[in-house]
Amino acid sequence: MSPGYYSRIPTLIRANRQQAIDGSTTVSSLTSITSSVLQGKVEDGRVYAVYGKEEYGMPMDEAELDRIDMAHAKYYALLEKKRFLAPIGDNPQRVLDLGCGTGIWSIDFADMFPTADVIGVDIAPTQPEWVPPNCRFELDDMEARWTWKENSFDYIFSRDLILAIRDWPKLVDQVYTHLKPGGWVEFQCVTGVVKCDDASLPPDSMLREFSKAINQSTAAFGTPVDDPARWRGWFEDCGFEEVTEVIYKLPMNPWPKDQRLKLVGAFEMENLLYGLSGMVTRLFAKTLNWTPEQVEVFLAGVRKELKNRSVHTYWPFYIVYARKPGGRPTGSAPPLAPAEPTASPDAGTSPVPASSPVSASSPAGPASPRRMSPTPVNQPKPEPVLEPVPDPRLEPAHGSK
């Protein structure tokens with residue numbers, strides 16, 4: 001792409017929200033970013049966003065932005081050179097990227113679909129100024145009431161909203177309201193639940209302790225790390241059709257024999273070795289009352305185990321996409337190929353085909369009645385179930401250590 005193709009635009013901030021909603025002012029809800037929002041807040045040597053009604057657990061400094069961009073490449077390899085899975089068709093016109101981070105997904109999507117109007121939104125002003133002419137960014141809290149026009153988006157996307165969302169049913173409801181009839185939504189996220197399909201992870205492993213600490217702390221923070229396992233149910237409760245759940249296994253280091261997954265594992269090991277402090281320091285301090293020094297001592301043991309390729313651990317990576325009823329569908333969910341029986345290290349489990357992640361979809365049918373009542377905050381959430389399903393591609397490389 002030639003340099004002249006990109007245009008320089010300012011990132012905008014949605015202010016005067018209530019006036020814009022109530023119609024009590026004619027002033028635009030978009031203003032310039034203030035210096036305090038640009039600078040953020042420094043805690044324990046890391047910079048955090050200050051915009052939004054709730055604290056976000058991840059930093060917004062250069063180290064974090066580099067990590068996000070590397071994750072973008074990692075997910076491209078994990079999804080076998082795909083940026084998304086929803087069958088959105090060839091001509092989406094208006095697209096919203098929730099929690100866009102560095103804006104890298106928005107920019108790539110805008111390049112893929114030059115006629116689409118792509119909006120990336122985040123609480124941190126970390127996006128570039130030079131972008132495709134059909135891409136722009138806004139600073140906003142996606143959990144507040146949206147001021148975009150209802151029934152206006154063809155596709156709404158989000159990825160890795162970790163430690164960011166405290167009321168998923170409310171967010172799903174706003175997505176439903178602002179999608180055009182027939183439009184698609186897609187959520188993607190890794191869960192911090194360490195999984196292992198064989199006996200290579202010892203019972204006293206530091207990785208097991210890390211997984212327990214992540215689950216305990218994220219629940220106390222109001223952002224349970226296993227919420228993606230509940231997305232499908234929330235989509236169905238809201239009235240979406242063709243709800244499809246796909247679960248990829250994301251190796252935590254380069255232990256698989258498959259070369260693509262070995263690359264994904266190398267990306268993830270790098271991500272964890274150098275990104276763990278930023279991911280959990282604020283979280284553990286606010287929920288477990290750990291000092292930064294205690295966090296680093298704990299993470300030293302975690303990092304040591306991460307380098308051991310004889311331990312075959314992975315994260316579940318959830319993708320759920322669905323269509324709003326009505327309108328003219330832009331595509332349809334592809335049928336799933338039947339699994340071919342293959343050798344499995346775990347007796348009694350059914351392996352998935354080598355080219356497919358674990359997937360399940362809801363049948364399309366008449367428009368479901370929309371349920372407007374989200375799960376109350378104080379109501380216990382149902383526990384997700386993720387059965388270990390061996391994947392032939394995740395066979396350990398010989399001599400891995």
# chains A, B, ... in the order shown; residues from 1 in each chain; ligands from 1
>>> residues_around(residues="Ala110 of chain A", least_positions_apart="6", cutoff="7 Å", atoms="only C-alpha atoms", output="NGL selection string")
:A and (116 or 118 or 132 or 134-135)
>>> residues_around(residues="Lys286 of chain A", least_positions_apart="2", cutoff="12 Å", atoms="only C-alpha atoms", output="number ranges by chain")
A: 43, 55-57, 216-222, 280-284, 288-292, 295
>>> residues_around(residues="Gly103 of chain A", least_positions_apart="2", cutoff="9 Å", atoms="only C-alpha atoms", output="list in words")
Asp97, Gly99, Cys100, Gly101, Trp105, Ser106, Ile107, Asp108, Gly120, Val121, Asp122, Thr126, Gln127, Pro128 and Phe137 of chain A
>>> write_last_selection(atoms="N, CA, C and O atoms", output="mmCIF file, in the first residue's frame")
data_model
loop_
_atom_site.group_PDB
_atom_site.id
_atom_site.type_symbol
_atom_site.label_atom_id
_atom_site.label_comp_id
_atom_site.auth_asym_id
_atom_site.auth_seq_id
_atom_site.Cartn_x
_atom_site.Cartn_y
_atom_site.Cartn_z
ATOM 1 N N ASP A 97 -15.224 -2.021 15.694
ATOM 2 C CA ASP A 97 -14.235 -2.843 16.398
ATOM 3 C C ASP A 97 -14.189 -2.391 17.849
ATOM 4 O O ASP A 97 -13.681 -1.312 18.167
ATOM 5 N N GLY A 99 -12.947 -2.247 21.628
ATOM 6 C CA GLY A 99 -11.685 -2.477 22.316
ATOM 7 C C GLY A 99 -10.566 -2.674 21.322
ATOM 8 O O GLY A 99 -9.833 -3.674 21.375
ATOM 9 N N CYS A 100 -10.383 -1.725 20.411
ATOM 10 C CA CYS A 100 -9.496 -1.897 19.256
ATOM 11 C C CYS A 100 -8.014 -1.862 19.611
ATOM 12 O O CYS A 100 -7.174 -2.200 18.773
ATOM 13 N N GLY A 101 -7.651 -1.439 20.831
ATOM 14 C CA GLY A 101 -6.242 -1.448 21.221
ATOM 15 C C GLY A 101 -5.386 -0.554 20.344
ATOM 16 O O GLY A 101 -5.618 0.655 20.225
ATOM 17 N N TRP A 105 -6.199 -4.411 14.036
ATOM 18 C CA TRP A 105 -7.238 -5.200 13.367
ATOM 19 C C TRP A 105 -8.119 -4.280 12.517
ATOM 20 O O TRP A 105 -8.469 -4.629 11.385
ATOM 21 N N SER A 106 -8.483 -3.126 13.036
ATOM 22 C CA SER A 106 -9.327 -2.179 12.289
ATOM 23 C C SER A 106 -8.651 -1.774 10.985
ATOM 24 O O SER A 106 -9.293 -1.706 9.929
ATOM 25 N N ILE A 107 -7.364 -1.504 11.060
ATOM 26 C CA ILE A 107 -6.619 -1.070 9.869
ATOM 27 C C ILE A 107 -6.555 -2.194 8.842
ATOM 28 O O ILE A 107 -6.782 -1.975 7.642
ATOM 29 N N ASP A 108 -6.253 -3.409 9.295
ATOM 30 C CA ASP A 108 -6.203 -4.538 8.361
ATOM 31 C C ASP A 108 -7.564 -4.786 7.725
ATOM 32 O O ASP A 108 -7.662 -5.080 6.524
ATOM 33 N N GLY A 120 -12.936 2.043 15.077
ATOM 34 C CA GLY A 120 -12.343 1.363 16.213
ATOM 35 C C GLY A 120 -12.556 2.194 17.462
ATOM 36 O O GLY A 120 -12.378 3.417 17.431
ATOM 37 N N VAL A 121 -12.947 1.550 18.564
ATOM 38 C CA VAL A 121 -13.226 2.285 19.792
ATOM 39 C C VAL A 121 -12.466 1.637 20.946
ATOM 40 O O VAL A 121 -12.344 0.421 21.028
ATOM 41 N N ASP A 122 -11.924 2.479 21.835
ATOM 42 C CA ASP A 122 -11.167 1.994 22.978
ATOM 43 C C ASP A 122 -11.141 3.089 24.037
ATOM 44 O O ASP A 122 -11.396 4.264 23.731
ATOM 45 N N THR A 126 -4.389 4.843 21.950
ATOM 46 C CA THR A 126 -3.132 4.200 21.559
ATOM 47 C C THR A 126 -3.085 3.861 20.070
ATOM 48 O O THR A 126 -2.277 3.036 19.653
ATOM 49 N N GLN A 127 -3.934 4.481 19.271
ATOM 50 C CA GLN A 127 -4.012 4.149 17.855
ATOM 51 C C GLN A 127 -3.119 5.099 17.039
ATOM 52 O O GLN A 127 -2.840 6.215 17.461
ATOM 53 N N PRO A 128 -2.689 4.658 15.859
ATOM 54 C CA PRO A 128 -1.837 5.506 15.018
ATOM 55 C C PRO A 128 -2.625 6.645 14.382
ATOM 56 O O PRO A 128 -3.856 6.600 14.300
ATOM 57 N N PHE A 137 -10.831 6.260 14.539
ATOM 58 C CA PHE A 137 -10.870 5.777 15.921
ATOM 59 C C PHE A 137 -11.553 6.779 16.825
ATOM 60 O O PHE A 137 -11.451 7.979 16.628
#
>>> closest_atom_pairs(of="segment 140-239 of chain A", to="segment 258-278 of chain A", cutoff="12 Å", atoms="only C-alpha atoms", output="tab-separated table")
residue	atom	partner	partner_atom	distance
A:Val190	CA	A:Glu268	CA	11.1
A:Gly192	CA	A:Leu272	CA	11.4
A:Leu207	CA	A:Leu272	CA	11.7
A:Phe210	CA	A:Leu276	CA	10.6
A:Ile214	CA	A:Leu276	CA	11.3
>>> write_last_selection(atoms="N, CA and C atoms", output="tab-separated table (two decimals), in the first residue's frame")
chain	number	residue	atom	x	y	z
A	190	VAL	N	-9.02	-15.26	24.36
A	190	VAL	CA	-8.34	-16.35	25.04
A	190	VAL	C	-8.81	-16.36	26.50
A	192	GLY	N	-7.88	-17.48	30.45
A	192	GLY	CA	-6.72	-17.77	31.27
A	192	GLY	C	-6.90	-19.03	32.10
A	207	LEU	N	2.14	-23.51	37.02
A	207	LEU	CA	1.13	-23.10	36.04
A	207	LEU	C	-0.28	-23.35	36.56
A	210	PHE	N	-0.88	-20.60	38.95
A	210	PHE	CA	-1.13	-19.37	38.21
A	210	PHE	C	-2.56	-19.33	37.69
A	214	ILE	N	-5.37	-16.56	38.64
A	214	ILE	CA	-6.06	-15.79	37.60
A	214	ILE	C	-7.57	-15.90	37.77
>>> residues_around(residues="Lys307 of chain A", least_positions_apart="4", cutoff="9 Å", atoms="only C-alpha atoms", output="list in words")
Asn253, Pro254, Met269, Leu273, Arg303, Val311 and Lys401 of chain A
>>> write_last_selection(atoms="N, CA and C atoms", output="short mmCIF file (atom, residue, chain, number, x, y, z; two decimals), in the first residue's frame")
data_model
loop_
_atom_site.label_atom_id
_atom_site.label_comp_id
_atom_site.auth_asym_id
_atom_site.auth_seq_id
_atom_site.Cartn_x
_atom_site.Cartn_y
_atom_site.Cartn_z
N ASN A 253 3.64 -22.90 24.66
CA ASN A 253 5.04 -22.84 24.20
C ASN A 253 5.15 -23.72 22.95
N PRO A 254 6.29 -23.77 22.28
CA PRO A 254 6.37 -24.50 21.00
C PRO A 254 6.53 -26.00 21.15
N MET A 269 4.62 -18.13 24.02
CA MET A 269 5.65 -18.16 25.05
C MET A 269 6.32 -16.80 25.19
N LEU A 273 6.28 -14.69 28.58
CA LEU A 273 7.54 -14.43 29.26
C LEU A 273 7.75 -12.94 29.51
N ARG A 303 7.39 -18.50 34.80
CA ARG A 303 8.20 -18.37 33.59
C ARG A 303 9.11 -19.57 33.39
N VAL A 311 6.01 -30.09 28.99
CA VAL A 311 4.70 -29.82 29.59
C VAL A 311 3.78 -29.29 28.50
N LYS A 401 11.59 -30.56 24.99
CA LYS A 401 11.93 -30.36 26.41
C LYS A 401 12.15 -28.91 26.71
#
>>> select_by_dssp(residues="segment 165-248 of chain A", states="alpha helix (DSSP H)", output="ChimeraX atom specification")
/A:168-178,206-221,231-238
>>> write_last_selection(atoms="N, CA and C atoms", output="compact mmCIF listing (two decimals), in the first residue's frame")
# COMPACT_ATOMS: atom_id res chain seq x y z
N TRP A 168 -21.38 -8.52 30.57
CA TRP A 168 -21.45 -9.01 29.20
C TRP A 168 -22.86 -9.02 28.62
N PRO A 169 -23.89 -9.45 29.40
CA PRO A 169 -25.24 -9.42 28.82
C PRO A 169 -25.65 -8.02 28.37
N LYS A 170 -25.26 -6.98 29.12
CA LYS A 170 -25.58 -5.61 28.71
C LYS A 170 -24.86 -5.25 27.42
N LEU A 171 -23.59 -5.66 27.30
CA LEU A 171 -22.84 -5.38 26.07
C LEU A 171 -23.47 -6.10 24.89
N VAL A 172 -23.82 -7.37 25.07
CA VAL A 172 -24.46 -8.13 23.99
C VAL A 172 -25.76 -7.46 23.57
N ASP A 173 -26.51 -6.95 24.54
CA ASP A 173 -27.77 -6.28 24.23
C ASP A 173 -27.53 -5.02 23.40
N GLN A 174 -26.49 -4.25 23.74
CA GLN A 174 -26.19 -3.05 22.95
C GLN A 174 -25.72 -3.41 21.54
N VAL A 175 -24.97 -4.49 21.43
CA VAL A 175 -24.56 -4.97 20.11
C VAL A 175 -25.80 -5.30 19.27
N TYR A 176 -26.74 -6.03 19.87
CA TYR A 176 -27.97 -6.40 19.17
C TYR A 176 -28.72 -5.14 18.70
N THR A 177 -28.83 -4.16 19.57
CA THR A 177 -29.57 -2.94 19.25
C THR A 177 -28.95 -2.18 18.09
N HIS A 178 -27.62 -2.20 17.98
CA HIS A 178 -26.95 -1.36 17.00
C HIS A 178 -26.57 -2.09 15.72
N MET A 206 3.46 -24.81 39.02
CA MET A 206 3.25 -23.38 39.18
C MET A 206 2.23 -22.86 38.18
N LEU A 207 2.14 -23.51 37.02
CA LEU A 207 1.13 -23.10 36.04
C LEU A 207 -0.28 -23.35 36.56
N ARG A 208 -0.45 -24.44 37.31
CA ARG A 208 -1.76 -24.68 37.93
C ARG A 208 -2.07 -23.59 38.96
N GLU A 209 -1.06 -23.23 39.76
CA GLU A 209 -1.25 -22.18 40.75
C GLU A 209 -1.54 -20.84 40.07
N PHE A 210 -0.88 -20.60 38.95
CA PHE A 210 -1.13 -19.37 38.21
C PHE A 210 -2.56 -19.33 37.69
N SER A 211 -3.03 -20.46 37.17
CA SER A 211 -4.40 -20.53 36.65
C SER A 211 -5.41 -20.28 37.78
N LYS A 212 -5.15 -20.85 38.96
CA LYS A 212 -6.04 -20.62 40.10
C LYS A 212 -6.05 -19.16 40.50
N ALA A 213 -4.86 -18.54 40.54
CA ALA A 213 -4.77 -17.13 40.93
C ALA A 213 -5.49 -16.24 39.92
N ILE A 214 -5.37 -16.56 38.64
CA ILE A 214 -6.06 -15.79 37.60
C ILE A 214 -7.57 -15.90 37.77
N ASN A 215 -8.06 -17.10 38.00
CA ASN A 215 -9.51 -17.29 38.16
C ASN A 215 -10.03 -16.55 39.39
N GLN A 216 -9.31 -16.66 40.49
CA GLN A 216 -9.74 -16.00 41.73
C GLN A 216 -9.70 -14.49 41.60
N SER A 217 -8.63 -13.96 41.05
CA SER A 217 -8.46 -12.51 40.98
C SER A 217 -9.39 -11.86 39.96
N THR A 218 -9.60 -12.50 38.80
CA THR A 218 -10.49 -11.90 37.80
C THR A 218 -11.94 -11.91 38.28
N ALA A 219 -12.33 -12.95 39.03
CA ALA A 219 -13.68 -12.97 39.59
C ALA A 219 -13.85 -11.83 40.59
N ALA A 220 -12.84 -11.60 41.43
CA ALA A 220 -12.91 -10.51 42.41
C ALA A 220 -12.88 -9.15 41.72
N PHE A 221 -12.22 -9.06 40.57
CA PHE A 221 -12.13 -7.81 39.81
C PHE A 221 -13.42 -7.51 39.06
N TRP A 231 -20.50 -16.87 26.41
CA TRP A 231 -20.95 -16.01 25.33
C TRP A 231 -22.09 -16.63 24.54
N ARG A 232 -21.96 -17.88 24.19
CA ARG A 232 -22.96 -18.52 23.32
C ARG A 232 -24.35 -18.44 23.95
N GLY A 233 -24.43 -18.73 25.25
CA GLY A 233 -25.72 -18.66 25.93
C GLY A 233 -26.27 -17.25 25.97
N TRP A 234 -25.41 -16.27 26.19
CA TRP A 234 -25.86 -14.88 26.23
C TRP A 234 -26.34 -14.41 24.85
N PHE A 235 -25.66 -14.84 23.80
CA PHE A 235 -26.11 -14.50 22.44
C PHE A 235 -27.49 -15.10 22.17
N GLU A 236 -27.65 -16.36 22.54
CA GLU A 236 -28.93 -17.02 22.30
C GLU A 236 -30.04 -16.38 23.12
N ASP A 237 -29.75 -16.02 24.38
CA ASP A 237 -30.76 -15.38 25.23
C ASP A 237 -31.20 -14.04 24.67
N CYS A 238 -30.29 -13.34 23.98
CA CYS A 238 -30.61 -12.02 23.44
C CYS A 238 -31.45 -12.12 22.16
>>> atom_distance(atom1="atom CA of Asp160 of chain A", atom2="atom CA of Gln188 of chain A")
6.2 Å
>>> atom_distance(atom1="atom CA of Pro256 of chain A", atom2="atom CA of Leu163 of chain A")
28.8 Å
>>> select_by_dssp(residues="segment 112-357 of chain A", states="strand (DSSP E or B)", output="VMD selection string")
chain A and resid 117 to 122 130 to 131 135 to 139 153 to 159 179 to 190 195 to 196 241 to 251 256 313 to 323
>>> atom_distance(atom1="atom CA of Gln93 of chain A", atom2="atom CA of Asp141 of chain A")
23.3 Å
